[in-house]
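Here is the structure we will look at, set down as structure tokens.
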Amino acid sequence: MIDQTVFNNKKAAYYTLGCKLNFAETSTIGKLLAEQGVRKVRPGEKADICVVNTCSVTELADKKCRQAIRRISKQHPGAFIVVTGCYAQLKPEEVSHIEGVDLVLGAEQKLEILQYLENLEKKEHGGTVIASQSKDIRSFSPSCSADDRTRHFLKVQDGCDYYCSYCTIPFARGRSRNGTIASMVEQAQEVALLHFGNKIYIRGLIEISNCCRNNCYYCGIRKGNPNIERYRLSRESILNCCKQGYELGFRTFVLQGGEDPALTNDQIEMTVARIRQEYPDCAITLSLGEKSREAYERFFRAGANRYLLRHETYNELHYRQLHPAEMSGKRRLQCLADLKEIGYQTGTGIMVGSPGQTVEHIIEDLLFIEKLRPEMIGIGPFLPHHDTPFAEYPSGTAEQTILLLSIFRLMHPSALIPATTALATLIPDGRERGILAGANVVMPNLSPREERRKYELYNDKASLGAESAEGLAALQKQLKTIGYEISTERGDFKYTTENI
Ligand code: SAH
């Protein structure tokens with residue numbers, strides 16, 4: 001048990017030298033102390049505890065650390081000074097004799113700091129050293145920092161097994177090891193809680209047409225599928241869905257559909273304008289595929305606020321594996337650039353585990369999304385549809401989808417990320433698992449009941465119970481079991497100076 005009384009009314013100052021990993025770890029130390037009630041000093045204030053996280057890549061780094069420690073002990077007279085990090089691990093005795101140092105913690109003790117801050121009494125004759133031998137370092141302490149607030153730095157790996165003659169890392173940090181996926185998912189959950197609390201935004205999904213000019217190999221409503229009954233909702237029917245949705249509490253309507261050649265831009269514009277007129281307080285999201293810039297502009301002027309257009313895959317060769325020759329990945333990326341420029345809150349994303357997808361492709365997707373900075377990120381598992389060329393391919397896995405959800409949450413803390421219907425279709429608790437990995441949006445189905453089964457993008461697509469607009473009570477209950485609740489807000493992306 002840690003004696004909390006030593007931390008009463010205490011303030012701490014943190015200093016980090018060296019790499020991003022050190023910054024992430026200092027941030028975690030700060031969090032541990034904050035949980036004990038120790039607040040961070042404000043500029044100019046004197047600290048009771050100083051934590052110095054050192055670096056040791058070169059002789060010069062050691063010198064800089066020594067200077068920093070001396071400066072800090074002068075700036076905060078009487079403060080209890082803890083030194084940790086690579087310099088502390090490599091030369092603990094030397095560090096313990098630097099003036100003012102009270103405690104030296106090795107790499108393995110760094111994040112167990114609370115255990116070693118017993119009485120905070122300054123040491124007269126050199127600091128106490130607590131450090132494991134480098135060869136015995138085995139543990140991995142998860143860490144994450146959000147210092148610049150635009151993204152989070154997550155520690156995924158520590159130490160190294162290559163003993164390069166010029167590098168101290170294997171000695172300063174021990175052998176190569178990494179964190180668990182579960183701990184990363186937990187970090188993502190914390191980041192989502194930090195940004196959105198336990199609130200989940202809801203969107204009413206209206207599937208306005210299952211007619212499509214395209215022949216994507218994965219999609220059940222592709223033009224080449226002769227076995228589905230095609231439908232197109234009339235404007236009145238769409239407005240009726242909105243009416244029902246509004247009464248149920250939805251403040252975002254998502255109009256999604258195939259690229260229906262019979263649905264003209266004029267008609268779409270008109271429908272958007274009518275919804276805008278009747279529901280001035282609601283957000284209108286479109287997800288109608290690739291259109292000309294001019295069409296996007298018209299829809300925007302008519303009142304649409306958001307647009308969802310997954311890029312599906314950034315890699316051109318992989319794009320070719322998923323789509324017939326007449327389709328173009330470049331064109332899709334151009335659409336995304338147009339949407340962003342016009343001012344839509346723009347969503348993109350991928351299917352996880354689509355046929356031919358490799359880890360390298362996913363990395364390209366991560367980098368593309370990092371650059372695009374979409375306001376919304378939609379990712380769900382690929383699921384086969386029996387009437388497509390990919391009928392026999394296996395589904396993407398829940399594990400990989402959840403892992404990616406959490407990576408996206410950490411990379412884009414303020415993004416709107418749905419726990420997708422595809423994930424909820426794949427595993428019974430997909431909705432909850434998605435939320436617990438950092439998702440903060442759900443999109444229950446608001447289409448007319450008789451049409452729902454016809455919008456079958458993949459086998460057994462869920463559209464009932466908590467997946468349906470009428471099932472909000474069931475959804476609320478489901479969320480409650482994991483400590484979350486539905487937000488009645490419109491749930492726009494919140495722009496700050498840091499995330500644009
Ligand atoms: N026509 C629109 C909307 C497509 S449906 C557009 O082109 O954007 C929305 C998303 O469903 C697609 O972007 C795709 O990522 C996903 N989807 C389609 N078929 C799927 C399948 N078999 N498994 C999982 N997701 C699928």
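In the structure tokens, chains take the letters A, B, ... in the order shown, each chain's residues start at 1, and ligands count up from 1 in the order shown.
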
Q.
With only C-alpha atoms as the counted atoms, please give the residues lying no more than 12 Å from Asp429 (chain A), apart from itself and same-chain residues fewer than 2 positions off, as a list of chain:residue names.
A. A:Ala398, A:Ile402, A:Ala419, A:Thr420, A:Thr421, A:Ala422, A:Leu423, A:Ala424, A:Thr425, A:Leu426, A:Ile427, A:Arg431, A:Glu432, A:Arg433, A:Gly434, A:Ile435, A:Leu436, A:Ala466, A:Glu467, A:Leu475, A:Gln478, A:Leu479, A:Thr481, A:Ile482

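Shell of Glu35 (chain A) at 12 Å, with only C-alpha atoms counted and residues fewer than 3 places along the chain excluded, is Gln4, Phe7, Asn8, Thr28, Ile29, Gly30, Lys31, Leu32, Val38, Arg39, Lys40 and Leu114 of chain A.
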
Go ahead and write the selection's residues with all heavy atoms as a CSV table (one decimal), in the first residue's frame.
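After the write, again-v7.csv holds the following:
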chain,number,residue,atom,x,y,z
A,4,GLN,N,-0.6,7.6,1.1
A,4,GLN,CA,-1.0,8.8,0.3
A,4,GLN,C,-0.7,10.1,1.0
A,4,GLN,O,-0.5,11.1,0.4
A,4,GLN,CB,-2.5,8.7,0.0
A,4,GLN,CG,-2.7,7.9,-1.3
A,4,GLN,CD,-4.2,8.2,-1.7
A,4,GLN,OE1,-5.1,8.3,-0.9
A,4,GLN,NE2,-4.3,8.3,-3.0
A,7,PHE,N,1.7,12.8,-0.1
A,7,PHE,CA,1.5,13.5,-1.3
A,7,PHE,C,0.5,14.7,-1.1
A,7,PHE,O,0.3,15.5,-2.0
A,7,PHE,CB,0.9,12.6,-2.4
A,7,PHE,CG,1.8,11.5,-2.8
A,7,PHE,CD1,1.5,10.2,-2.6
A,7,PHE,CD2,3.1,11.9,-3.4
A,7,PHE,CE1,2.4,9.2,-3.0
A,7,PHE,CE2,3.9,10.9,-3.8
A,7,PHE,CZ,3.6,9.5,-3.6
A,8,ASN,N,0.0,14.9,0.2
A,8,ASN,CA,-0.9,15.9,0.4
A,8,ASN,C,-0.4,17.3,0.0
A,8,ASN,O,0.7,17.7,0.5
A,8,ASN,CB,-1.3,16.0,1.9
A,8,ASN,CG,-2.3,14.9,2.2
A,8,ASN,OD1,-2.9,14.3,1.3
A,8,ASN,ND2,-2.6,14.7,3.5
A,28,THR,N,3.4,9.6,-18.3
A,28,THR,CA,2.8,8.5,-17.5
A,28,THR,C,3.2,8.7,-16.0
A,28,THR,O,2.3,8.5,-15.1
A,28,THR,CB,3.2,7.1,-18.0
A,28,THR,OG1,2.8,7.1,-19.4
A,28,THR,CG2,2.5,6.0,-17.2
A,29,ILE,N,4.4,9.1,-15.7
A,29,ILE,CA,4.8,9.3,-14.3
A,29,ILE,C,3.9,10.5,-13.8
A,29,ILE,O,3.4,10.4,-12.7
A,29,ILE,CB,6.3,9.7,-14.2
A,29,ILE,CG1,7.2,8.5,-14.6
A,29,ILE,CG2,6.7,10.2,-12.8
A,29,ILE,CD1,8.7,8.8,-14.7
A,30,GLY,N,3.8,11.5,-14.6
A,30,GLY,CA,2.9,12.7,-14.2
A,30,GLY,C,1.5,12.2,-13.9
A,30,GLY,O,0.9,12.7,-12.9
A,31,LYS,N,1.0,11.3,-14.7
A,31,LYS,CA,-0.4,10.8,-14.4
A,31,LYS,C,-0.4,10.1,-13.1
A,31,LYS,O,-1.4,10.2,-12.3
A,31,LYS,CB,-0.8,9.9,-15.6
A,31,LYS,CG,-2.2,10.1,-16.0
A,31,LYS,CD,-2.5,9.8,-17.4
A,31,LYS,CE,-2.3,8.3,-17.8
A,31,LYS,NZ,-2.4,8.0,-19.1
A,32,LEU,N,0.6,9.2,-12.9
A,32,LEU,CA,0.6,8.4,-11.6
A,32,LEU,C,0.6,9.4,-10.4
A,32,LEU,O,-0.2,9.1,-9.4
A,32,LEU,CB,1.8,7.6,-11.6
A,32,LEU,CG,1.9,6.4,-12.6
A,32,LEU,CD1,3.3,5.8,-12.5
A,32,LEU,CD2,0.8,5.4,-12.3
A,38,VAL,N,-1.0,14.9,-6.6
A,38,VAL,CA,0.1,15.8,-6.8
A,38,VAL,C,-0.1,16.6,-8.0
A,38,VAL,O,-0.2,16.1,-9.1
A,38,VAL,CB,1.4,15.0,-6.9
A,38,VAL,CG1,2.6,16.0,-7.1
A,38,VAL,CG2,1.7,14.2,-5.7
A,39,ARG,N,-0.2,18.0,-7.9
A,39,ARG,CA,-0.5,18.7,-9.1
A,39,ARG,C,0.8,19.3,-9.7
A,39,ARG,O,1.8,19.5,-9.0
A,39,ARG,CB,-1.5,19.8,-8.8
A,39,ARG,CG,-1.0,21.2,-8.7
A,39,ARG,CD,-2.1,22.2,-8.5
A,39,ARG,NE,-1.7,23.3,-7.6
A,39,ARG,CZ,-0.7,24.1,-7.9
A,39,ARG,NH1,-0.1,24.1,-9.1
A,39,ARG,NH2,-0.4,25.1,-7.1
A,40,LYS,N,0.8,19.5,-11.0
A,40,LYS,CA,1.9,20.0,-11.7
A,40,LYS,C,2.2,21.5,-11.4
A,40,LYS,O,1.2,22.2,-11.3
A,40,LYS,CB,1.7,19.8,-13.2
A,40,LYS,CG,2.9,19.9,-14.1
A,40,LYS,CD,2.4,19.5,-15.5
A,40,LYS,CE,3.5,19.9,-16.5
A,40,LYS,NZ,3.2,19.5,-17.9
A,114,LEU,N,5.9,5.6,-7.4
A,114,LEU,CA,5.2,5.8,-6.2
A,114,LEU,C,5.7,5.0,-5.0
A,114,LEU,O,5.7,5.5,-3.9
A,114,LEU,CB,3.7,5.5,-6.5
A,114,LEU,CG,2.9,6.4,-7.4
A,114,LEU,CD1,1.5,6.0,-7.5
A,114,LEU,CD2,3.0,7.9,-7.1

Q: Compile the contact shell of Ala325 (chain A) as number ranges by chain: residues with an atom at most 12 Å away, counting only C-alpha atoms, same-chain residues fewer than 2 positions apart removed.
A: A: 214-217, 316-317, 319-323, 327-329

List the neighbours of Lys291 (chain A) out to 12 Å using only C-alpha atoms; skip same-chain residues closer than 6 positions along the sequence, and give me the result as a PDB file with C-alpha atoms, in the first residue's frame.
ATOM      1  CA  GLY A 258     -25.121   3.352 -54.217  1.00  0.00           C
ATOM      2  CA  GLU A 259     -24.083   5.637 -57.058  1.00  0.00           C
ATOM      3  CA  ASP A 260     -27.564   5.508 -58.497  1.00  0.00           C
ATOM      4  CA  PRO A 261     -27.559   6.803 -62.097  1.00  0.00           C
ATOM      5  CA  LEU A 263     -30.801   9.827 -58.887  1.00  0.00           C
ATOM      6  CA  THR A 264     -29.763  13.152 -60.357  1.00  0.00           C
ATOM      7  CA  ASN A 265     -27.726  15.807 -58.637  1.00  0.00           C
ATOM      8  CA  ILE A 268     -30.196  15.087 -54.283  1.00  0.00           C
ATOM      9  CA  GLU A 297     -20.498  22.184 -53.863  1.00  0.00           C
ATOM     10  CA  ARG A 298     -24.184  22.274 -54.691  1.00  0.00           C
ATOM     11  CA  PHE A 299     -25.065  19.754 -51.980  1.00  0.00           C
ATOM     12  CA  TYR A 307     -19.630  13.535 -46.331  1.00  0.00           C
ATOM     13  CA  LEU A 309     -16.353   8.453 -48.599  1.00  0.00           C
ATOM     14  CA  ARG A 331     -10.354   9.820 -58.611  1.00  0.00           C
ATOM     15  CA  ARG A 332     -11.615   8.791 -55.191  1.00  0.00           C
ATOM     16  CA  LEU A 333      -8.710  10.555 -53.489  1.00  0.00           C
ATOM     17  CA  GLN A 334      -9.447  13.655 -55.586  1.00  0.00           C
ATOM     18  CA  CYS A 335     -13.052  13.531 -54.363  1.00  0.00           C
ATOM     19  CA  LEU A 336     -11.789  13.485 -50.769  1.00  0.00           C
ATOM     20  CA  ASP A 338     -12.506  18.335 -52.981  1.00  0.00           C
ATOM     21  CA  LEU A 339     -14.789  17.538 -50.072  1.00  0.00           C
TER      22      LEU A 339
END

Q.
At a cut-off of 7 Å around ligand 1, and using only C-alpha atoms and all ligand atoms, what residues come up? Please write them as a PyMOL selection string.
A. chain A and resi 218-220+256-259+287-290+308-310+312+350-351+380-385+422+457-458

Kindly export the residues of the current selection with C-alpha atoms, as a tab-separated table (two decimals), in the first residue's frame.
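Result went into selection-v2.tsv, see below:
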chain	number	residue	atom	x	y	z
A	218	TYR	CA	-16.76	-6.78	-52.40
A	219	CYS	CA	-20.13	-5.06	-52.37
A	220	GLY	CA	-23.48	-6.83	-52.33
A	256	GLN	CA	-26.24	6.70	-47.86
A	257	GLY	CA	-26.63	4.85	-51.12
A	258	GLY	CA	-25.12	3.35	-54.22
A	259	GLU	CA	-24.08	5.64	-57.06
A	287	SER	CA	-22.50	9.07	-48.35
A	288	LEU	CA	-23.37	8.77	-52.01
A	289	GLY	CA	-20.02	7.98	-53.55
A	290	GLU	CA	-17.97	9.84	-56.14
A	308	LEU	CA	-18.49	9.95	-45.86
A	309	LEU	CA	-16.35	8.45	-48.60
A	310	ARG	CA	-14.03	5.67	-47.56
A	312	GLU	CA	-11.06	1.69	-49.15
A	350	ILE	CA	-11.03	1.25	-45.00
A	351	MET	CA	-12.35	-2.26	-44.74
A	380	GLY	CA	-15.03	-2.04	-40.17
A	381	PRO	CA	-14.13	-5.60	-41.08
A	382	PHE	CA	-14.55	-6.82	-44.65
A	383	LEU	CA	-17.43	-9.30	-44.68
A	384	PRO	CA	-18.16	-11.48	-47.72
A	385	HIS	CA	-21.41	-11.27	-49.65
A	422	ALA	CA	-19.95	-4.46	-39.83
A	457	LEU	CA	-23.66	-4.85	-48.56
A	458	TYR	CA	-22.47	-8.11	-46.99

Q.
What's the separation between CA of Cys50 (chain A) and CA of Ile69 (chain A), in Å to one decimal place?
A.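 Spanning CA of Cys50 (chain A) to CA of Ile69 (chain A) is a straight-line distance of 9.4 Å.
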
Q: May I ask for the distance between CA of Lys340 (chain A) and CA of Asp492 (chain A), given in Å to one decimal place?
A: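 These atoms are spaced 14.9 Å apart.
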
Q: Write out as an NGL selection string each polymer residue whose atoms come within 7 Å of region 231-244 of chain A, counting only C-alpha atoms; drop sequence neighbours fewer than 4 positions from it.
A: :A and (208-211 or 248 or 253 or 271 or 275 or 446-448)

Q: Pull the alpha helix (DSSP H) assignments for region 223-420 of chain A out of DSSP run on the backbone, and list those residues as a ChimeraX atom specification.
A: /A:235-248,265-278,293-302,316-322,329-342,359-372,398-411

**Q.** Point-to-point distance in Å for CA of Tyr201 (chain A) and CA of Arg276 (chain A)
**A.**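 Separation between CA of Arg276 (chain A) and CA of Tyr201 (chain A): 19.8 Å.
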
Which neighbours of region 354-361 of chain A fall inside 7 Å, counting only C-alpha atoms, when residues of the same chain fewer than 5 positions from it are skipped, and could you give them as a PDB file with all heavy atoms, in the first residue's frame?
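Resulting contents of out_21.pdb:
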ATOM      1  N   ASN A 315      -3.322   1.972 -51.504  1.00  0.00           N
ATOM      2  CA  ASN A 315      -2.374   1.360 -52.436  1.00  0.00           C
ATOM      3  C   ASN A 315      -3.043   1.088 -53.790  1.00  0.00           C
ATOM      4  O   ASN A 315      -4.088   0.433 -53.849  1.00  0.00           O
ATOM      5  CB  ASN A 315      -1.857   0.054 -51.827  1.00  0.00           C
ATOM      6  CG  ASN A 315      -0.852  -0.607 -52.717  1.00  0.00           C
ATOM      7  OD1 ASN A 315      -1.220  -1.298 -53.667  1.00  0.00           O
ATOM      8  ND2 ASN A 315       0.416  -0.391 -52.431  1.00  0.00           N
ATOM      9  N   HIS A 318      -3.565  -2.610 -54.792  1.00  0.00           N
ATOM     10  CA  HIS A 318      -4.619  -3.219 -53.988  1.00  0.00           C
ATOM     11  C   HIS A 318      -5.986  -2.674 -54.409  1.00  0.00           C
ATOM     12  O   HIS A 318      -6.969  -3.422 -54.475  1.00  0.00           O
ATOM     13  CB  HIS A 318      -4.360  -2.965 -52.494  1.00  0.00           C
ATOM     14  CG  HIS A 318      -5.322  -3.694 -51.610  1.00  0.00           C
ATOM     15  ND1 HIS A 318      -5.888  -3.125 -50.491  1.00  0.00           N
ATOM     16  CD2 HIS A 318      -5.842  -4.946 -51.699  1.00  0.00           C
ATOM     17  CE1 HIS A 318      -6.706  -3.997 -49.933  1.00  0.00           C
ATOM     18  NE2 HIS A 318      -6.697  -5.108 -50.632  1.00  0.00           N
ATOM     19  N   PHE A 382     -13.980  -6.337 -43.395  1.00  0.00           N
ATOM     20  CA  PHE A 382     -14.550  -6.819 -44.647  1.00  0.00           C
ATOM     21  C   PHE A 382     -15.391  -8.045 -44.298  1.00  0.00           C
ATOM     22  O   PHE A 382     -14.968  -8.886 -43.508  1.00  0.00           O
ATOM     23  CB  PHE A 382     -13.449  -7.217 -45.639  1.00  0.00           C
ATOM     24  CG  PHE A 382     -13.944  -8.182 -46.684  1.00  0.00           C
ATOM     25  CD1 PHE A 382     -14.706  -7.733 -47.749  1.00  0.00           C
ATOM     26  CD2 PHE A 382     -13.687  -9.552 -46.577  1.00  0.00           C
ATOM     27  CE1 PHE A 382     -15.211  -8.629 -48.694  1.00  0.00           C
ATOM     28  CE2 PHE A 382     -14.182 -10.452 -47.514  1.00  0.00           C
ATOM     29  CZ  PHE A 382     -14.941  -9.989 -48.578  1.00  0.00           C
ATOM     30  N   TYR A 393     -14.179 -15.431 -49.828  1.00  0.00           N
ATOM     31  CA  TYR A 393     -13.057 -14.924 -49.019  1.00  0.00           C
ATOM     32  C   TYR A 393     -13.443 -14.847 -47.544  1.00  0.00           C
ATOM     33  O   TYR A 393     -14.603 -14.598 -47.211  1.00  0.00           O
ATOM     34  CB  TYR A 393     -12.628 -13.538 -49.511  1.00  0.00           C
ATOM     35  CG  TYR A 393     -11.747 -13.602 -50.732  1.00  0.00           C
ATOM     36  CD1 TYR A 393     -12.298 -13.646 -52.015  1.00  0.00           C
ATOM     37  CD2 TYR A 393     -10.360 -13.632 -50.595  1.00  0.00           C
ATOM     38  CE1 TYR A 393     -11.481 -13.713 -53.136  1.00  0.00           C
ATOM     39  CE2 TYR A 393      -9.542 -13.696 -51.703  1.00  0.00           C
ATOM     40  CZ  TYR A 393     -10.109 -13.740 -52.973  1.00  0.00           C
ATOM     41  OH  TYR A 393      -9.297 -13.802 -54.063  1.00  0.00           O
ATOM     42  N   GLY A 396     -12.666 -10.155 -42.421  1.00  0.00           N
ATOM     43  CA  GLY A 396     -11.605  -9.540 -41.619  1.00  0.00           C
ATOM     44  C   GLY A 396     -11.834  -9.943 -40.172  1.00  0.00           C
ATOM     45  O   GLY A 396     -12.933 -10.369 -39.802  1.00  0.00           O
TER      46      GLY A 396
END
